[in-house]
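**Student:** This is run22.cif, which holds mmCIF, C-alpha atoms; chains and numbers go by the auth columns:
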```cif
data_run
loop_
_atom_site.group_PDB
_atom_site.id
_atom_site.type_symbol
_atom_site.label_atom_id
_atom_site.label_comp_id
_atom_site.label_asym_id
_atom_site.label_seq_id
_atom_site.Cartn_x
_atom_site.Cartn_y
_atom_site.Cartn_z
_atom_site.B_iso_or_equiv
_atom_site.auth_seq_id
_atom_site.auth_asym_id
ATOM 1 C CA MET A 1 0.000 0.000 0.000 0.00 1 A
ATOM 2 C CA ARG A 2 1.757 3.135 -1.247 0.00 2 A
ATOM 3 C CA ARG A 3 0.170 6.459 -0.378 0.00 3 A
ATOM 4 C CA VAL A 4 1.421 9.871 -1.469 0.00 4 A
ATOM 5 C CA VAL A 5 0.342 12.998 0.423 0.00 5 A
ATOM 6 C CA PHE A 6 0.398 15.932 -1.973 0.00 6 A
ATOM 7 C CA ASN A 7 -0.968 19.403 -2.560 0.00 7 A
ATOM 8 C CA GLN A 8 0.594 22.101 -4.734 0.00 8 A
ATOM 9 C CA LYS A 9 -0.458 24.673 -2.137 0.00 9 A
ATOM 10 C CA GLY A 10 1.774 25.105 0.899 0.00 10 A
ATOM 11 C CA GLY A 11 0.627 25.464 4.484 0.00 11 A
ATOM 12 C CA VAL A 12 -2.093 22.805 4.349 0.00 12 A
ATOM 13 C CA GLY A 13 -0.460 20.425 6.842 0.00 13 A
ATOM 14 C CA LYS A 14 0.924 17.961 4.334 0.00 14 A
ATOM 15 C CA SER A 15 3.911 16.843 6.422 0.00 15 A
ATOM 16 C CA SER A 16 1.869 16.686 9.625 0.00 16 A
ATOM 17 C CA ILE A 17 -0.673 14.418 7.947 0.00 17 A
ATOM 18 C CA ALA A 18 1.930 12.170 6.312 0.00 18 A
ATOM 19 C CA ALA A 19 3.916 11.715 9.527 0.00 19 A
ATOM 20 C CA ASN A 20 0.894 11.167 11.770 0.00 20 A
ATOM 21 C CA LEU A 21 -0.753 8.651 9.445 0.00 21 A
ATOM 22 C CA ALA A 22 2.550 6.798 9.147 0.00 22 A
ATOM 23 C CA ALA A 23 2.921 6.805 12.951 0.00 23 A
ATOM 24 C CA LEU A 24 -0.605 5.472 13.347 0.00 24 A
ATOM 25 C CA SER A 25 0.069 2.788 10.775 0.00 25 A
ATOM 26 C CA ALA A 26 3.133 1.676 12.733 0.00 26 A
ATOM 27 C CA ALA A 27 1.281 1.843 16.055 0.00 27 A
ATOM 28 C CA ASN A 28 -1.411 -0.432 14.592 0.00 28 A
ATOM 29 C CA GLY A 29 1.146 -3.109 13.838 0.00 29 A
ATOM 30 C CA TYR A 30 1.970 -2.388 10.199 0.00 30 A
ATOM 31 C CA LYS A 31 5.636 -2.265 9.246 0.00 31 A
ATOM 32 C CA THR A 32 5.672 1.273 7.872 0.00 32 A
ATOM 33 C CA LEU A 33 8.059 3.443 5.847 0.00 33 A
ATOM 34 C CA LEU A 34 7.849 7.215 5.443 0.00 34 A
ATOM 35 C CA ILE A 35 9.734 8.812 2.538 0.00 35 A
ATOM 36 C CA ASP A 36 10.421 12.556 2.799 0.00 36 A
ATOM 37 C CA LEU A 37 10.833 14.193 -0.625 0.00 37 A
ATOM 38 C CA ASP A 38 10.458 17.785 0.601 0.00 38 A
ATOM 39 C CA VAL A 39 13.766 19.673 0.787 0.00 39 A
ATOM 40 C CA GLN A 40 12.494 21.418 3.932 0.00 40 A
ATOM 41 C CA GLY A 41 12.560 18.065 5.694 0.00 41 A
ATOM 42 C CA ASN A 42 9.625 18.729 8.020 0.00 42 A
ATOM 43 C CA SER A 43 8.605 15.071 8.215 0.00 43 A
ATOM 44 C CA SER A 44 12.190 14.028 8.854 0.00 44 A
ATOM 45 C CA HIS A 45 12.573 16.547 11.679 0.00 45 A
ATOM 46 C CA TYR A 46 9.181 15.543 13.094 0.00 46 A
ATOM 47 C CA LEU A 47 10.390 11.952 13.444 0.00 47 A
ATOM 48 C CA GLY A 48 13.666 12.965 15.059 0.00 48 A
ATOM 49 C CA TYR A 49 16.012 12.990 12.072 0.00 49 A
ATOM 50 C CA ASP A 50 18.571 15.755 11.435 0.00 50 A
ATOM 51 C CA ILE A 51 18.573 16.384 7.679 0.00 51 A
ATOM 52 C CA ASN A 52 21.829 18.341 7.989 0.00 52 A
ATOM 53 C CA SER A 53 23.754 15.283 9.167 0.00 53 A
ATOM 54 C CA ASP A 54 26.433 13.740 6.966 0.00 54 A
ATOM 55 C CA SER A 55 24.343 10.651 6.261 0.00 55 A
ATOM 56 C CA ASN A 56 24.572 9.133 2.800 0.00 56 A
ATOM 57 C CA THR A 57 21.300 7.237 3.158 0.00 57 A
ATOM 58 C CA THR A 58 18.903 10.066 2.364 0.00 58 A
ATOM 59 C CA VAL A 59 16.315 10.123 -0.395 0.00 59 A
ATOM 60 C CA ALA A 60 18.660 12.407 -2.353 0.00 60 A
ATOM 61 C CA ASP A 61 21.365 9.727 -2.293 0.00 61 A
ATOM 62 C CA LEU A 62 18.859 7.074 -3.318 0.00 62 A
ATOM 63 C CA LEU A 63 17.649 9.032 -6.338 0.00 63 A
ATOM 64 C CA ASN A 64 21.092 10.253 -7.361 0.00 64 A
ATOM 65 C CA GLN A 65 22.794 6.873 -7.494 0.00 65 A
ATOM 66 C CA THR A 66 24.698 6.106 -10.661 0.00 66 A
ATOM 67 C CA VAL A 67 25.839 2.710 -11.849 0.00 67 A
ATOM 68 C CA GLY A 68 29.003 2.729 -13.917 0.00 68 A
ATOM 69 C CA TRP A 69 30.908 -0.082 -15.572 0.00 69 A
ATOM 70 C CA PHE A 70 33.222 -0.291 -12.560 0.00 70 A
ATOM 71 C CA SER A 71 30.757 0.638 -9.807 0.00 71 A
ATOM 72 C CA VAL A 72 27.562 -0.671 -8.297 0.00 72 A
ATOM 73 C CA SER A 73 24.769 1.114 -6.484 0.00 73 A
ATOM 74 C CA THR A 74 24.003 0.904 -2.781 0.00 74 A
ATOM 75 C CA PRO A 75 21.214 -1.649 -2.223 0.00 75 A
ATOM 76 C CA VAL A 76 17.812 -0.021 -1.829 0.00 76 A
ATOM 77 C CA LYS A 77 17.261 -1.884 1.444 0.00 77 A
ATOM 78 C CA ASP A 78 20.116 0.115 3.038 0.00 78 A
ATOM 79 C CA PHE A 79 18.333 3.464 2.769 0.00 79 A
ATOM 80 C CA PRO A 80 15.451 3.170 5.290 0.00 80 A
ATOM 81 C CA GLN A 81 16.553 4.382 8.720 0.00 81 A
ATOM 82 C CA PRO A 82 14.924 3.529 12.059 0.00 82 A
ATOM 83 C CA THR A 83 12.977 6.176 13.964 0.00 83 A
ATOM 84 C CA PRO A 84 12.417 6.258 17.743 0.00 84 A
ATOM 85 C CA PHE A 85 9.013 4.649 17.117 0.00 85 A
ATOM 86 C CA SER A 86 8.469 0.916 16.783 0.00 86 A
ATOM 87 C CA ASN A 87 7.621 -0.369 13.274 0.00 87 A
ATOM 88 C CA LEU A 88 8.341 3.031 11.714 0.00 88 A
ATOM 89 C CA ASP A 89 11.311 3.696 9.409 0.00 89 A
ATOM 90 C CA ILE A 90 12.146 6.726 7.295 0.00 90 A
ATOM 91 C CA ILE A 91 14.137 7.595 4.210 0.00 91 A
ATOM 92 C CA PRO A 92 14.897 11.170 5.215 0.00 92 A
ATOM 93 C CA SER A 93 15.080 14.337 3.195 0.00 93 A
ATOM 94 C CA SER A 94 18.282 16.244 2.477 0.00 94 A
ATOM 95 C CA PRO A 95 19.263 19.776 1.430 0.00 95 A
ATOM 96 C CA LYS A 96 20.967 18.061 -1.513 0.00 96 A
ATOM 97 C CA LEU A 97 17.562 17.583 -3.154 0.00 97 A
ATOM 98 C CA GLU A 98 17.545 21.200 -4.306 0.00 98 A
ATOM 99 C CA LYS A 99 20.999 20.893 -5.856 0.00 99 A
ATOM 100 C CA ILE A 100 20.370 17.680 -7.779 0.00 100 A
ATOM 101 C CA GLU A 101 16.855 18.263 -9.105 0.00 101 A
ATOM 102 C CA SER A 102 17.815 19.606 -12.517 0.00 102 A
ATOM 103 C CA GLU A 103 20.448 16.885 -12.947 0.00 103 A
ATOM 104 C CA LEU A 104 17.954 14.143 -12.079 0.00 104 A
ATOM 105 C CA GLU A 105 15.496 15.606 -14.554 0.00 105 A
ATOM 106 C CA ARG A 106 18.156 15.778 -17.260 0.00 106 A
ATOM 107 C CA ARG A 107 19.079 12.124 -16.653 0.00 107 A
ATOM 108 C CA TYR A 108 15.381 11.181 -16.698 0.00 108 A
ATOM 109 C CA LYS A 109 15.379 9.568 -13.247 0.00 109 A
ATOM 110 C CA ILE A 110 11.631 10.125 -12.832 0.00 110 A
ATOM 111 C CA TYR A 111 10.992 6.360 -12.416 0.00 111 A
ATOM 112 C CA LYS A 112 13.831 5.781 -9.937 0.00 112 A
ATOM 113 C CA LEU A 113 11.556 6.100 -6.897 0.00 113 A
ATOM 114 C CA ARG A 114 8.955 3.734 -8.340 0.00 114 A
ATOM 115 C CA ASP A 115 11.616 1.122 -9.008 0.00 115 A
ATOM 116 C CA ALA A 116 12.931 1.513 -5.445 0.00 116 A
ATOM 117 C CA LEU A 117 9.448 1.062 -3.972 0.00 117 A
ATOM 118 C CA ASP A 118 8.902 -2.056 -6.063 0.00 118 A
ATOM 119 C CA GLU A 119 11.780 -3.495 -4.051 0.00 119 A
ATOM 120 C CA LEU A 120 10.982 -1.926 -0.675 0.00 120 A
ATOM 121 C CA GLU A 121 7.345 -3.000 -0.592 0.00 121 A
ATOM 122 C CA LYS A 122 8.610 -6.549 -0.055 0.00 122 A
ATOM 123 C CA SER A 123 9.728 -5.401 3.421 0.00 123 A
ATOM 124 C CA TYR A 124 6.937 -2.953 4.356 0.00 124 A
ATOM 125 C CA ASP A 125 3.174 -3.221 4.792 0.00 125 A
ATOM 126 C CA ARG A 126 2.566 0.506 4.286 0.00 126 A
ATOM 127 C CA ILE A 127 4.579 3.230 2.560 0.00 127 A
ATOM 128 C CA TYR A 128 3.768 6.941 2.900 0.00 128 A
ATOM 129 C CA ILE A 129 5.407 9.639 0.767 0.00 129 A
ATOM 130 C CA ASP A 130 5.620 13.285 1.810 0.00 130 A
ATOM 131 C CA THR A 131 6.120 15.719 -1.058 0.00 131 A
ATOM 132 C CA PRO A 132 7.134 19.317 -1.762 0.00 132 A
ATOM 133 C CA PRO A 133 4.333 21.893 -2.092 0.00 133 A
ATOM 134 C CA ASN A 134 4.677 22.250 -5.856 0.00 134 A
ATOM 135 C CA LEU A 135 4.513 20.077 -8.950 0.00 135 A
ATOM 136 C CA ASN A 136 8.243 19.555 -9.460 0.00 136 A
ATOM 137 C CA PHE A 137 10.424 16.566 -10.332 0.00 137 A
ATOM 138 C CA PHE A 138 10.123 15.039 -6.853 0.00 138 A
ATOM 139 C CA SER A 139 6.355 15.316 -6.503 0.00 139 A
ATOM 140 C CA LYS A 140 5.926 13.901 -10.010 0.00 140 A
ATOM 141 C CA ALA A 141 8.212 10.993 -9.114 0.00 141 A
ATOM 142 C CA ALA A 142 6.090 10.351 -6.015 0.00 142 A
ATOM 143 C CA LEU A 143 2.835 10.423 -7.979 0.00 143 A
ATOM 144 C CA ILE A 144 4.291 7.975 -10.475 0.00 144 A
ATOM 145 C CA ALA A 145 5.507 5.674 -7.673 0.00 145 A
ATOM 146 C CA ALA A 146 2.342 5.699 -5.526 0.00 146 A
ATOM 147 C CA LYS A 147 -0.915 3.789 -5.788 0.00 147 A
ATOM 148 C CA ARG A 148 -3.139 6.162 -3.784 0.00 148 A
ATOM 149 C CA LEU A 149 -3.235 9.942 -3.451 0.00 149 A
ATOM 150 C CA LEU A 150 -4.314 11.838 -0.330 0.00 150 A
ATOM 151 C CA ILE A 151 -4.862 15.573 -0.767 0.00 151 A
ATOM 152 C CA PRO A 152 -4.646 17.800 2.337 0.00 152 A
ATOM 153 C CA PHE A 153 -6.985 20.763 2.103 0.00 153 A
ATOM 154 C CA ASP A 154 -7.579 23.875 4.179 0.00 154 A
ATOM 155 C CA CYS A 155 -10.840 25.659 3.702 0.00 155 A
ATOM 156 C CA ASP A 156 -10.288 28.832 1.728 0.00 156 A
ATOM 157 C CA SER A 157 -11.177 29.851 -1.811 0.00 157 A
ATOM 158 C CA PHE A 158 -7.537 29.952 -2.959 0.00 158 A
ATOM 159 C CA SER A 159 -7.092 26.380 -1.795 0.00 159 A
ATOM 160 C CA GLN A 160 -10.242 25.382 -3.670 0.00 160 A
ATOM 161 C CA GLN A 161 -8.877 26.710 -6.966 0.00 161 A
ATOM 162 C CA ALA A 162 -5.486 25.130 -6.270 0.00 162 A
ATOM 163 C CA LEU A 163 -7.229 21.809 -5.685 0.00 163 A
ATOM 164 C CA ILE A 164 -8.965 21.926 -9.066 0.00 164 A
ATOM 165 C CA THR A 165 -5.647 22.759 -10.756 0.00 165 A
ATOM 166 C CA LEU A 166 -3.962 19.905 -8.877 0.00 166 A
ATOM 167 C CA LEU A 167 -6.587 17.388 -9.995 0.00 167 A
ATOM 168 C CA ASN A 168 -6.153 18.443 -13.617 0.00 168 A
ATOM 169 C CA ASN A 169 -2.384 17.981 -13.319 0.00 169 A
ATOM 170 C CA VAL A 170 -2.831 14.593 -11.646 0.00 170 A
ATOM 171 C CA ALA A 171 -5.222 13.468 -14.378 0.00 171 A
ATOM 172 C CA GLU A 172 -2.641 14.256 -17.052 0.00 172 A
ATOM 173 C CA LEU A 173 0.181 12.564 -15.140 0.00 173 A
ATOM 174 C CA ARG A 174 -1.981 9.508 -14.492 0.00 174 A
ATOM 175 C CA GLU A 175 -2.826 9.170 -18.165 0.00 175 A
ATOM 176 C CA ASP A 176 0.820 9.478 -19.242 0.00 176 A
ATOM 177 C CA HIS A 177 2.705 7.661 -16.460 0.00 177 A
ATOM 178 C CA ASN A 178 0.616 5.929 -13.781 0.00 178 A
ATOM 179 C CA PRO A 179 -2.880 4.796 -14.775 0.00 179 A
ATOM 180 C CA LYS A 180 -3.213 2.877 -11.476 0.00 180 A
ATOM 181 C CA LEU A 181 -2.997 6.021 -9.326 0.00 181 A
ATOM 182 C CA GLU A 182 -6.237 6.494 -7.391 0.00 182 A
ATOM 183 C CA VAL A 183 -7.380 9.689 -5.684 0.00 183 A
ATOM 184 C CA GLU A 184 -8.225 8.192 -2.308 0.00 184 A
ATOM 185 C CA GLY A 185 -9.689 11.411 -0.982 0.00 185 A
ATOM 186 C CA VAL A 186 -9.408 14.981 0.226 0.00 186 A
ATOM 187 C CA ILE A 187 -8.372 15.394 3.871 0.00 187 A
ATOM 188 C CA VAL A 188 -9.938 18.502 5.390 0.00 188 A
ATOM 189 C CA ASN A 189 -7.337 19.888 7.791 0.00 189 A
ATOM 190 C CA MET A 190 -7.400 22.690 10.383 0.00 190 A
ATOM 191 C CA PHE A 191 -11.198 22.656 10.271 0.00 191 A
ATOM 192 C CA ASN A 192 -13.048 25.273 12.311 0.00 192 A
ATOM 193 C CA ALA A 193 -16.502 23.892 13.080 0.00 193 A
ATOM 194 C CA GLN A 194 -17.646 27.242 14.523 0.00 194 A
ATOM 195 C CA ALA A 195 -17.322 29.084 11.210 0.00 195 A
ATOM 196 C CA ASN A 196 -19.786 28.911 8.322 0.00 196 A
ATOM 197 C CA PHE A 197 -17.325 29.485 5.474 0.00 197 A
ATOM 198 C CA PRO A 198 -15.392 26.179 5.763 0.00 198 A
ATOM 199 C CA ALA A 199 -18.625 24.192 5.642 0.00 199 A
ATOM 200 C CA GLN A 200 -19.658 26.060 2.485 0.00 200 A
ATOM 201 C CA ILE A 201 -16.311 25.374 0.791 0.00 201 A
ATOM 202 C CA ILE A 202 -16.589 21.664 1.633 0.00 202 A
ATOM 203 C CA ALA A 203 -20.152 21.577 0.267 0.00 203 A
ATOM 204 C CA ASP A 204 -18.919 23.138 -2.987 0.00 204 A
ATOM 205 C CA LEU A 205 -16.238 20.449 -3.309 0.00 205 A
ATOM 206 C CA SER A 206 -18.781 17.725 -2.643 0.00 206 A
ATOM 207 C CA ASP A 207 -20.969 19.160 -5.402 0.00 207 A
ATOM 208 C CA LEU A 208 -18.020 18.665 -7.764 0.00 208 A
ATOM 209 C CA GLY A 209 -18.072 14.974 -6.899 0.00 209 A
ATOM 210 C CA LEU A 210 -14.773 14.949 -5.024 0.00 210 A
ATOM 211 C CA PRO A 211 -14.245 12.274 -2.343 0.00 211 A
ATOM 212 C CA ILE A 212 -14.169 14.220 0.945 0.00 212 A
ATOM 213 C CA LEU A 213 -12.808 12.052 3.739 0.00 213 A
ATOM 214 C CA GLU A 214 -14.215 12.119 7.249 0.00 214 A
ATOM 215 C CA PRO A 215 -13.713 12.996 9.973 0.00 215 A
ATOM 216 C CA TYR A 216 -12.325 16.463 9.338 0.00 216 A
ATOM 217 C CA LEU A 217 -9.166 17.245 11.301 0.00 217 A
ATOM 218 C CA PRO A 218 -9.859 20.071 13.763 0.00 218 A
ATOM 219 C CA LEU A 219 -7.655 23.120 14.178 0.00 219 A
ATOM 220 C CA SER A 220 -5.506 22.698 17.291 0.00 220 A
ATOM 221 C CA ILE A 221 -2.360 24.207 18.809 0.00 221 A
ATOM 222 C CA LYS A 222 -1.457 20.679 19.910 0.00 222 A
ATOM 223 C CA MET A 223 -0.136 19.953 16.431 0.00 223 A
ATOM 224 C CA LYS A 224 2.599 22.573 16.896 0.00 224 A
ATOM 225 C CA GLU A 225 3.397 21.116 20.307 0.00 225 A
ATOM 226 C CA SER A 226 3.708 17.728 18.679 0.00 226 A
ATOM 227 C CA HIS A 227 6.200 19.139 16.162 0.00 227 A
ATOM 228 C CA TYR A 228 8.194 20.798 18.915 0.00 228 A
ATOM 229 C CA HIS A 229 8.530 17.579 20.901 0.00 229 A
ATOM 230 C CA GLN A 230 9.191 15.543 17.728 0.00 230 A
ATOM 231 C CA GLN A 231 6.479 13.094 18.682 0.00 231 A
ATOM 232 C CA PRO A 232 3.470 12.241 16.526 0.00 232 A
ATOM 233 C CA LEU A 233 0.162 12.778 18.274 0.00 233 A
ATOM 234 C CA ILE A 234 -0.492 9.083 18.953 0.00 234 A
ATOM 235 C CA HIS A 235 2.629 9.064 21.151 0.00 235 A
ATOM 236 C CA LEU A 236 2.431 12.553 22.691 0.00 236 A
ATOM 237 C CA LEU A 237 -1.309 13.009 23.252 0.00 237 A
ATOM 238 C CA PRO A 238 -3.132 9.730 22.568 0.00 238 A
ATOM 239 C CA ASN A 239 -6.449 10.941 24.055 0.00 239 A
ATOM 240 C CA HIS A 240 -6.609 14.400 22.474 0.00 240 A
ATOM 241 C CA LYS A 241 -9.486 15.170 20.097 0.00 241 A
ATOM 242 C CA LEU A 242 -7.098 15.750 17.172 0.00 242 A
ATOM 243 C CA THR A 243 -5.417 12.392 17.789 0.00 243 A
ATOM 244 C CA ILE A 244 -8.804 10.680 17.926 0.00 244 A
ATOM 245 C CA SER A 245 -9.782 12.322 14.629 0.00 245 A
ATOM 246 C CA PHE A 246 -6.549 11.079 13.060 0.00 246 A
ATOM 247 C CA GLU A 247 -7.246 7.570 14.346 0.00 247 A
ATOM 248 C CA LYS A 248 -10.748 7.561 12.880 0.00 248 A
ATOM 249 C CA LEU A 249 -9.404 8.855 9.570 0.00 249 A
ATOM 250 C CA PHE A 250 -6.684 6.195 9.527 0.00 250 A
ATOM 251 C CA HIS A 251 -9.176 3.382 10.143 0.00 251 A
ATOM 252 C CA THR A 252 -11.492 4.779 7.470 0.00 252 A
ATOM 253 C CA LEU A 253 -8.641 4.614 4.978 0.00 253 A
ATOM 254 C CA GLU A 254 -7.713 1.092 5.998 0.00 254 A
ATOM 255 C CA GLU A 255 -11.298 -0.154 5.770 0.00 255 A
ATOM 256 C CA THR A 256 -11.678 1.349 2.303 0.00 256 A
ATOM 257 C CA ALA A 257 -8.369 -0.178 1.213 0.00 257 A
ATOM 258 C CA ASP A 258 -9.440 -3.605 2.483 0.00 258 A
ATOM 259 C CA LYS A 259 -12.724 -3.433 0.565 0.00 259 A
ATOM 260 C CA THR A 260 -10.906 -2.380 -2.602 0.00 260 A
ATOM 261 C CA ALA A 261 -8.462 -5.267 -2.228 0.00 261 A
ATOM 262 C CA GLU A 262 -11.350 -7.728 -1.867 0.00 262 A
ATOM 263 C CA ILE A 263 -12.994 -6.429 -5.019 0.00 263 A
ATOM 264 C CA GLU A 264 -9.718 -6.655 -6.968 0.00 264 A
ATOM 265 C CA GLN A 265 -9.228 -10.254 -5.852 0.00 265 A
#
```
Starting from the file, give its structure as structure tokens.

**Tutor:**
Amino acid sequence: MRRVVFNQKGGVGKSSIAANLAALSAANGYKTLLIDLDVQGNSSHYLGYDINSDSNTTVADLLNQTVGWFSVSTPVKDFPQPTPFSNLDIIPSSPKLEKIESELERRYKIYKLRDALDELEKSYDRIYIDTPPNLNFFSKAALIAAKRLLIPFDCDSFSQQALITLLNNVAELREDHNPKLEVEGVIVNMFNAQANFPAQIIADLSDLGLPILEPYLPLSIKMKESHYHQQPLIHLLPNHKLTISFEKLFHTLEETADKTAEIEQ
């Protein structure tokens, strides 16, 4: 099960959602891998990894490997690194991503991540991919490598237009490179139940026929506290309302995935 968390708009909680769903997956007994393709490295930092370390097992090193006549590549299985949380590994981000992007594009390495995940999924039950907040080489590689797409969404009109643009871009990429990619749903994040405007925006999206996932994730300062302590919510505040919403969302996704798998069989 390969899920990519992506939105071309920044500030929608993409890294928070990817890291917390991955942590919940691990806490529920699934051997889980999180891949951080965002040069900012928010997911990596969240799970206790220093992206400025001298490690050569980052996602940048994985994608930038070259195989010459007299050299061989590092095995893909050597790149996942353990986190402080049981069942949860990470292939961390790196500042090198920014430097190598144009070179990777020139060498047409867009399928490198997909090939790596074909190998890694033999060792993991669930794989989550965090992406940069724009449609660049790395987010395209993730969309090509993944099977399911989760779209974080905050309720404003700019985000609504960005979402429509995103879906058009995904449709084109799916047709050209990954016909098996499924839009699993839109995750409403930082939802304010006391305001009327968010509910109207969500209703407009529903009218367009978009799959809006429930429950909505409420706005809470506890998410920032979770980042500060480098502990996903299930470990820091297991009984908080935001954690409970994440748990319900996670189980909704798993139930839907199970039903889809049964139909495919």

**Student:** If you count all atoms listed in the file, which residues fall within 12 Å of A:Arg3, apart from same-chain ones fewer than 4 positions away, as a PyMOL selection string?

**Tutor:** chain A and resi 17-19+21-22+25+32-35+117+121+125-131+142-151+181-185+253-254+257

**Student:** Name all residues at most 10 Å from stretch 214-221 of chain A (count only C-alpha atoms; drop same-chain ones fewer than 5 positions away) and give them as number ranges by chain.

**Tutor:** A: 17, 153-154, 185-193, 226, 240-250, 252-253

**Student:** Measure the distance from atom CA of A:Ile100 to atom CA of A:Leu135 in Å and round it to one decimal.

**Tutor:**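 Spanning atom CA of A:Ile100 to atom CA of A:Leu135 is a straight-line distance of 16.1 Å.
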
**Student:** Using all atoms listed in the file, can you tell me which of A:Gln81, A:Asn178, A:Ser102, A:Ser206 comes closest to A:Lys140?

**Tutor:**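 Nearest candidate to A:Lys140 out of A:Gln81, A:Asn178, A:Ser102, A:Ser206: A:Asn178.
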
**Student:** What gap, in Å, lies between atom CA of A:Phe85 and atom CA of A:Thr256?

**Tutor:** 25.7 Å

**Student:** Of the candidates A:Asn64, A:Ser159, A:Thr58, A:Ser86, which shows the shortest atom-to-atom distance to A:His235, using all atoms listed in the file?

**Tutor:**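 Among the listed residues, the smallest separation from A:His235 belongs to A:Ser86.
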
**Student:** Quick one: pull the distance between atom CA of A:Glu101 and atom CA of A:Pro82, Å, one decimal.

**Tutor:**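 Computing it gives 25.9 Å between the two atoms.
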
**Student:** List as a Markdown table every residue of stretch 1-69 of chain A that is in contact with stretch 164-177 of chain A, defined as an atom at most 9 Å from one of its atoms (using all atoms listed in the file), together with the nearest atom pair and the distance in Å rounded to one decimal, sorted by chain and then rising number.

**Tutor:**
```
| residue | atom | partner | partner_atom | distance |
| --- | --- | --- | --- | --- |
| A:Asn7 | CA | A:Leu166 | CA | 7.0 |
| A:Gln8 | CA | A:Leu166 | CA | 6.5 |
| A:Lys9 | CA | A:Leu166 | CA | 9.0 |
```

**Student:** I'd like the neighbourhood of A:Ile201 as a PyMOL selection string, where a residue qualifies if any of its atoms comes within 10 Å (using only C-alpha atoms), though same-chain residues fewer than 4 positions away should be ignored.

**Tutor:** chain A and resi 154-157+159-160+196-197+205-207

**Student:** Show me the residues close to (22.6, 19.2, 5.9) - anything with an atom within 7 Å, counting all atoms listed in the file - and format the list as a list in words.

**Tutor:**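 Here the neighbourhood of the point contains Ile51, Asn52, Ser53, Asp54, Ser94 and Pro95 of chain A.
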
**Student:** Would you mind listing what lies within 12 Å of A:Phe79 as a ChimeraX atom specification, with all atoms listed in the file counted and same-chain residues fewer than 2 positions away left out?

**Tutor:** /A:33-35,55-63,65,73-77,81-82,89-93,116-117,119-120

**Student:** A:Leu236, A:Gln231, A:Gln194, A:Asp118: which is nearest A:Tyr46, counting only C-alpha atoms?

**Tutor:** A:Gln231
